[in-house]
Every structure is written in C-alpha cells, then in structure tokens.
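So the structure is just underneath, and the comments pick up after that.
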Amino acid sequence: MGDEMLKTPYGSWPSPVDAALAAAHDGRPEWPGFVGDESWWTEPRPTEGGRRALIRRRTDGTEESVLPAPWNVRSRVIEYGGRPWAGVVRDGLPLVVFVHFTDQRLYRYEPGGEPRPLTPVSPVGGGLRWAEPRVDLERGEVWCVLEEFTGDGPGDVRRVIAAVPLDGSAAEDRGAVRELSDGRHRFVTGARLAPDGRRAAWLAWDHPRMPWDGTELLVADVADDGTLRDARTVAGGPGEAVAQVEWAADGRLLYSSDRSGWWNLYRDGAPLCPRDEEFGGPLWQLGLRWFAPLDNGLIAVVHGKGPTVLGILDPESGEIVDAAGPWTEFSAHLAAHGARVVAVGASPRTACEVVELDTVTGRARAIGARHRDAVDPAYYPEPQIRVFTGPDGREVHAHVYPPHHPQHTAPDGELPPYVIWAHGGPTGRVPLVLDLEIAYFTSRGIGVAEVNYGGSTGYGRAYRERLREQWGVVDVEDCAAVARALADEGTADPARLAIRGGSAGGWTSAASLTTTDVYACGTISYPVLDLATWGPGETHDFESRYLESLIGPLAEVPARYAERSPATHADRLTAPFLLLQGLDDVICPPVQCERFLARIAGRDVPHAYLTFEGEGHGFRRAETMVRALEAELSLYAQVFKLDVPGVPRLELHR
C-alpha cells in the first residue's frame, strides 16, 4: 500500500501489539552485581510462573540462567523485598548466596552443584526472611538483614542485621545465626563495611515514619569478634531522609540526604554537588543504589529532575559527565567494580536493559536483557513530557502518549478517548520508558496520560510533601486537572475519559470515580478502598502506619478516614468499572474489594470483578496480565462504543 493513511475510528485500529506480547515484555532486570569480573543480575520470567531468574554473564560475553525453574530469586523482606543475592569468587570459582522466594530461606550455590540452605524455616507467622546479603569469606559468614516474625500478626516482627554461617550450620538451627545490631529500630538496611573493616554504616527508621520521611544514618565500630559496638547517629532524623550510605575507597562516608529539599550527595557531612536534582529516591526495597563509589575516588550516580540519567561525579570539582547512549531513564540498581559500572537503563524506544559503563573510555553499552524490537518500532508510543496547571496554579508533571499508528488516523473531527494512568506508591514516579502496555492502547487509537501527581518523587521534597494528609485529594485533583486540560485543548474527547491504576493508583482511580464526574469509566487494580481497616492488623508492617502521613493520625482525625475512603462513597459511583485483584495479596488484601462490592450491590452500576489465584501485589504471571489487559480494553470498548477486533468481551454485571 502507498503512504496514504487510512481513516479509521479511534480504538478500532489493527495492532500487532497484543496482550500476550505486552505481558511477555513486562518487568525489568534488577539487582546487578559483580562476582569477580563477571556481571550477574536477576530477570523476570512471566511465562515461567512469574519467577525471577539469576543471570550470569561470563567475561567472554556468554550468558546463562544459573538456576533452573522453579528457583525464584526474590526476597519478601518488608513485602516489597530487597537485594536477594550476592556473590564472590573463591578458589577461582563463583560462590553465590540467594533468597528463594517460596520458602524465603538463604541458600548457598556454586555452579555445578545444588543450592544448599543456610538458614532454617520458622513456623511462626511469616517466618524468617533475609535481604541484602554480603559474603564475608574471612569470617565465613553472610551479613544480611533478618526479618523475623515473633507471632501470627503482620506487626509481630523484628528486624536486625545478622550474620549467617556459610558452612550451613544454621540451616536447621536459628541459634547459630549471630545478631549484629540491637533491634532497637523497627527497620534497618544492610550494613556497609568501611574499607579497613573497622566500621560499619547502615540506615534505620521507626514507625510512624516511612523511609522518605526520615531515617537515621548509624555508624558503629566492628569489634575483633565481629560484633557492632557503640552505634551512633551521624546524619538524618525525623525530617531528613537519608536514602543510601556507602564508604569511599579512602574511608570517608558518602550518603544521599534530602536535608536541602533535594536528595543530594554528602561526604562526611559536606555537600558534593548541590543541585535541585535527585541523587536518591524512595526506599521501597532494601539495597537500592543511586550511587556507587569507584576505587579511583569518582562516584557513579543516577541523577535528575524527573527522568534520571547515569553519570560519573568527580567529588573534587563537583562536575558530572553523563554516559552517552540512548538511555533516558536509569533505575536505582547500580554496581561498580574497578573502573566498570553496571546499571539498568531504558528509554521511550527501549525497554530496560543491563548497561555497562567503562569509566576509562566513557563508553556505555547494553550487555544484558538487551532490547529487541518485538514489533515494528513504528507502533511504539511517542511521549510528550508535559507540565500542566493544577488547582492553586501548582505544577503537575505528566507524560502524554497520543494515539499513534503508522497507517491509521481518525476521521476528521473525531477526538480520541484517553486513559489517565495513576501510578502506585503513592510515593513514587512513572519512569519515561518503553512500555508495551501503553502501546497496547495507543496503537489501537486510545491515548494514555501518565500523571506524576503531587506526592510523586523526582521533583524534590516539597513536591513530594504536597500529598501530606492530602491523599485522595491532591492526587485526584491533579489527575483530573490533566484530564480536563487534555479535553479543553482539544487533545482528548471529554466524553471518553477513563482512569486506571494499581495499588495506591487503584485508590486514586476509585477515589476519582467516587468524587469527580470527569471519567466515563475506570480500572482499579489491587487497591486500597477502605482506610478505616487498611492499617495495623490488616496490611503488612512496613506500610501499616503510612496513613499517618498520607491522611493524618487516626486518633486525631477519625472522620477524615471515612470521608476520604472510596468505600464510604460507593453510593456516588455511577461509572462502569473493572476491579482486578490477586488472591494472595497481603499488602492490599482481597477483603478491600469485597467490602467495596458489597456496598454497590443492587445499585445498577455495570462492573466486573476478576480475581487471580497465586498472584500477590502486582501481577507477575503472563496469563494473568493477558486476562487483565484484555478485560480492561473490553471495558473501554463497551463504554466508549469502540469497535475493537479480536478481544474477548468482558461480562459486566449490574
């Protein structure tokens, strides 16, 4: 065919991006590290039950998955997990320790042998869990964070830094695990040892704070017997969030703190490169790394305002040289070895890849999980980075992805439907990267706008704190402001707007449908819906006091908890909706959805509720993602009157 575009109604464009393709490319490589000179990392396997595989890249460039299915390298510490593996070279061969998701035990593995357990199983509550392992061959130990349940409730838990014997003597004996920290803080990160081995540093915080509200940076002396003595706070506090700590090669302490209003780097308390940019982020997982010191004194950094790039900071001059390459977004997964840095980078044209930067030559290249175009890139969405104006003139950051197809356009005068995407967290940010889930909609003629509403990270502490005690208000207003602006400027059809989100984004979607009249329908995944019950006892310990900053202390503002909850306003809901829920979710349990549905029973609101066995918080299995995406598209097709070919019809109940 020639170059003429076919004029076809929005939503009905034929697309090679089907739900199975989007599902197969969901997830990203994580936790890169070095084992000797080799780079290793974990990778998602949606088609293998959603497990995470451990990948080894040999120095000759060959790659292999070192543990067959069903081994699943993933920690459940604080439910969001943390760094699940570490490795060293011993007698010329790799020795790796890792956490297996199913039983949460720490295992030792040497290629050619079978994994051997190093830690016992506990019958109490959630058992024993481990994260951020660090192998100490001299002492014959693995230092890590231990999360230990002391009872059956989600809050019956303690966390300490512990040492596990490498010889397997603790595999059946909890008493053989050495506790290194005193347990006086509710949350701790893994210890970082100074180059001389005489000092250790780590972060700690306590309820009701989340780690982005305030953490303490602790330094202790390491005694000859390997115990930690005289722990003292050297930075941080209730209103200062230290996000990461490391030791420079010369023994000076490096850390990322937001004391200036932005997460910036400090060395022994002095700022290294003060900028209105982030050199840190929210500690949703233990072991995230936004910076990595090099042996030569330089520091690899992931930094930016909004999207983040990889650079090398010279702490003496304060100058940063950014890595050249197509990547416009790097995650907090850095590792350094000699002059080499390994990171995880992506762009609007490439999915997340493992990237290696040679700091001597300045050359960066993808070395793992390399992006391959699964479809013609002509179908990829083309983002616009936008700043909208919200209530009171405040800035609202968003990525707008208009409908896009190489051969189809809409008839003159037709405006496209748009779906507003609210991210989870809510303390988080949508990265600017290729996402085939977005392409699934845009290539069919449905626009997508991802909103980094007030409360999002990446734009400084003040932007983040806009959501303080305002959850369900500011996020809802900011999403609505973007939706209305797109309609007012003639980009989107005001009668065909939808909202979708998962987790905290599910809350924002539900709150938007019950308190505004902007949207014709919505998709709500594994949400919080009822604040009065989402807290201590019903959700997990890490977030059990999160609402004190997002809503306010329950004892002081009980009415606000009811007033903000979508469940309270179920009677106002008139728009059709789709509710998606994993049955094994301990963060946002299914009971949240069940209560909500009970309140709309008999109210004649078209809806569907799909549940998934074996899925927790966030879907990881290909078949689940396919069913969820197709159901979502079918909802929009029915509400927006779109002719979408080849998608199973979602049965809506009243």
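Chains: A, B, ... in order of the structure tokens. Residues: from 1 per chain. Ligands: from 1, in order shown.
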Which of range 477-647 of chain A end up as alpha helix (DSSP H) when DSSP is run on this backbone - answer as a ChimeraX atom specification? /A:477-488,504-515,547-550,558-564,590-600,622-640
Write out as a short mmCIF file (atom, residue, chain, number, x, y, z; two decimals) with N, CA, C and O atoms, in the first residue's frame which residues come within 6 Å of range 438-440 of chain A when counting only C-alpha atoms, dropping same-chain ones fewer than 5 positions away.
```
data_model
loop_
_atom_site.label_atom_id
_atom_site.label_comp_id
_atom_site.auth_asym_id
_atom_site.auth_seq_id
_atom_site.Cartn_x
_atom_site.Cartn_y
_atom_site.Cartn_z
N VAL A 17 0.45 -5.29 18.56
CA VAL A 17 0.76 -5.38 19.99
C VAL A 17 -0.43 -6.01 20.70
O VAL A 17 -1.39 -5.33 21.07
N TYR A 380 5.41 2.06 18.29
CA TYR A 380 5.69 2.49 19.66
C TYR A 380 5.04 3.84 19.95
O TYR A 380 4.99 4.70 19.07
N PRO A 381 4.58 4.02 21.17
CA PRO A 381 4.02 5.32 21.53
C PRO A 381 5.10 6.40 21.55
O PRO A 381 6.28 6.10 21.74
#
```
CA of Arg444 in chain A and CA of His404 in chain A are how many Å apart?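 These two atoms are separated by 7.7 Å.
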Given only C-alpha atoms as the basis, pick out the residue of A:Glu114, A:Asp530, A:Glu450, A:Glu543 nearest to Gly505 in chain A. A:Glu450
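Nearest residue to Ser15 in chain A, choosing from A:Ser443, A:Thr457, A:Gln470, A:Gln592 and counting only C-alpha atoms: A:Ser443.
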Would you please extract all strand (DSSP E or B) residues from range 213-268 of chain A, as assigned by DSSP on the backbone, and give them as a PyMOL selection string? chain A and resi 216-222+228-237+240+242-247+253-257+264-267
File of the preceding selection, N, CA and C atoms, as an mmCIF file, in the first residue's frame:
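What ended up in selection_5.cif:
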```
data_model
loop_
_atom_site.group_PDB
_atom_site.id
_atom_site.type_symbol
_atom_site.label_atom_id
_atom_site.label_comp_id
_atom_site.auth_asym_id
_atom_site.auth_seq_id
_atom_site.Cartn_x
_atom_site.Cartn_y
_atom_site.Cartn_z
ATOM 1 N N GLU A 216 17.683 7.494 60.044
ATOM 2 C CA GLU A 216 18.937 7.802 60.736
ATOM 3 C C GLU A 216 20.066 7.028 60.077
ATOM 4 N N LEU A 217 21.188 7.708 59.922
ATOM 5 C CA LEU A 217 22.400 7.052 59.431
ATOM 6 C C LEU A 217 23.253 6.696 60.642
ATOM 7 N N LEU A 218 23.429 5.393 60.860
ATOM 8 C CA LEU A 218 24.169 4.904 62.022
ATOM 9 C C LEU A 218 25.553 4.407 61.607
ATOM 10 N N VAL A 219 26.533 4.698 62.454
ATOM 11 C CA VAL A 219 27.879 4.157 62.265
ATOM 12 C C VAL A 219 28.272 3.462 63.567
ATOM 13 N N ALA A 220 28.818 2.257 63.454
ATOM 14 C CA ALA A 220 29.267 1.519 64.642
ATOM 15 C C ALA A 220 30.680 1.007 64.402
ATOM 16 N N ASP A 221 31.361 0.702 65.491
ATOM 17 C CA ASP A 221 32.679 0.076 65.392
ATOM 18 C C ASP A 221 32.498 -1.432 65.285
ATOM 19 N N VAL A 222 33.337 -2.061 64.471
ATOM 20 C CA VAL A 222 33.297 -3.514 64.337
ATOM 21 C C VAL A 222 34.399 -4.078 65.239
ATOM 22 N N LEU A 228 28.970 -5.436 66.434
ATOM 23 C CA LEU A 228 28.881 -3.999 66.186
ATOM 24 C C LEU A 228 28.738 -3.293 67.529
ATOM 25 N N ARG A 229 29.630 -2.337 67.800
ATOM 26 C CA ARG A 229 29.650 -1.652 69.094
ATOM 27 C C ARG A 229 29.476 -0.157 68.928
ATOM 28 N N ASP A 230 28.859 0.463 69.953
ATOM 29 C CA ASP A 230 28.834 1.923 70.055
ATOM 30 C C ASP A 230 28.195 2.559 68.816
ATOM 31 N N ALA A 231 27.013 2.067 68.422
ATOM 32 C CA ALA A 231 26.322 2.651 67.258
ATOM 33 C C ALA A 231 25.904 4.078 67.567
ATOM 34 N N ARG A 232 26.206 4.986 66.643
ATOM 35 C CA ARG A 232 25.868 6.398 66.843
ATOM 36 C C ARG A 232 25.248 6.974 65.572
ATOM 37 N N THR A 233 24.337 7.928 65.758
ATOM 38 C CA THR A 233 23.683 8.575 64.622
ATOM 39 C C THR A 233 24.557 9.719 64.129
ATOM 40 N N VAL A 234 24.931 9.686 62.847
ATOM 41 C CA VAL A 234 25.802 10.737 62.310
ATOM 42 C C VAL A 234 25.086 11.645 61.310
ATOM 43 N N ALA A 235 23.889 11.259 60.885
ATOM 44 C CA ALA A 235 23.104 12.103 59.970
ATOM 45 C C ALA A 235 21.666 11.615 60.007
ATOM 46 N N GLY A 236 20.780 12.425 59.422
ATOM 47 C CA GLY A 236 19.373 12.039 59.356
ATOM 48 C C GLY A 236 18.615 12.450 60.598
ATOM 49 N N GLY A 237 17.331 12.117 60.619
ATOM 50 C CA GLY A 237 16.461 12.470 61.734
ATOM 51 C C GLY A 237 15.022 12.445 61.264
ATOM 52 N N GLU A 240 14.605 14.387 57.978
ATOM 53 C CA GLU A 240 15.679 14.264 56.979
ATOM 54 C C GLU A 240 15.800 12.805 56.573
ATOM 55 N N VAL A 242 17.770 10.062 54.776
ATOM 56 C CA VAL A 242 18.989 9.565 54.142
ATOM 57 C C VAL A 242 18.584 8.301 53.375
ATOM 58 N N ALA A 243 18.838 8.293 52.063
ATOM 59 C CA ALA A 243 18.336 7.208 51.214
ATOM 60 C C ALA A 243 19.345 6.088 51.005
ATOM 61 N N GLN A 244 20.645 6.410 51.142
ATOM 62 C CA GLN A 244 21.676 5.400 50.875
ATOM 63 C C GLN A 244 22.969 5.832 51.544
ATOM 64 N N VAL A 245 23.771 4.859 51.952
ATOM 65 C CA VAL A 245 25.092 5.145 52.520
ATOM 66 C C VAL A 245 26.106 4.160 51.944
ATOM 67 N N GLU A 246 27.314 4.658 51.688
ATOM 68 C CA GLU A 246 28.427 3.825 51.223
ATOM 69 C C GLU A 246 29.714 4.414 51.807
ATOM 70 N N TRP A 247 30.793 3.661 51.703
ATOM 71 C CA TRP A 247 32.114 4.169 52.085
ATOM 72 C C TRP A 247 32.925 4.427 50.822
ATOM 73 N N LEU A 253 32.807 8.759 54.548
ATOM 74 C CA LEU A 253 31.412 8.304 54.494
ATOM 75 C C LEU A 253 30.641 9.099 53.442
ATOM 76 N N LEU A 254 30.036 8.387 52.506
ATOM 77 C CA LEU A 254 29.217 9.006 51.461
ATOM 78 C C LEU A 254 27.758 8.675 51.719
ATOM 79 N N TYR A 255 26.895 9.671 51.583
ATOM 80 C CA TYR A 255 25.471 9.369 51.719
ATOM 81 C C TYR A 255 24.625 10.358 50.933
ATOM 82 N N SER A 256 23.388 9.943 50.663
ATOM 83 C CA SER A 256 22.416 10.764 49.951
ATOM 84 C C SER A 256 21.360 11.209 50.949
ATOM 85 N N SER A 257 21.200 12.534 51.107
ATOM 86 C CA SER A 257 20.242 13.091 52.075
ATOM 87 C C SER A 257 19.416 14.177 51.406
ATOM 88 N N ASN A 264 20.597 14.976 47.730
ATOM 89 C CA ASN A 264 21.923 15.292 47.200
ATOM 90 C C ASN A 264 22.977 14.457 47.920
ATOM 91 N N LEU A 265 24.198 14.424 47.362
ATOM 92 C CA LEU A 265 25.274 13.620 47.941
ATOM 93 C C LEU A 265 26.103 14.424 48.941
ATOM 94 N N TYR A 266 26.504 13.733 49.993
ATOM 95 C CA TYR A 266 27.346 14.335 51.026
ATOM 96 C C TYR A 266 28.528 13.410 51.298
ATOM 97 N N ARG A 267 29.672 13.997 51.638
ATOM 98 C CA ARG A 267 30.844 13.211 52.030
ATOM 99 C C ARG A 267 31.284 13.730 53.400
#
```
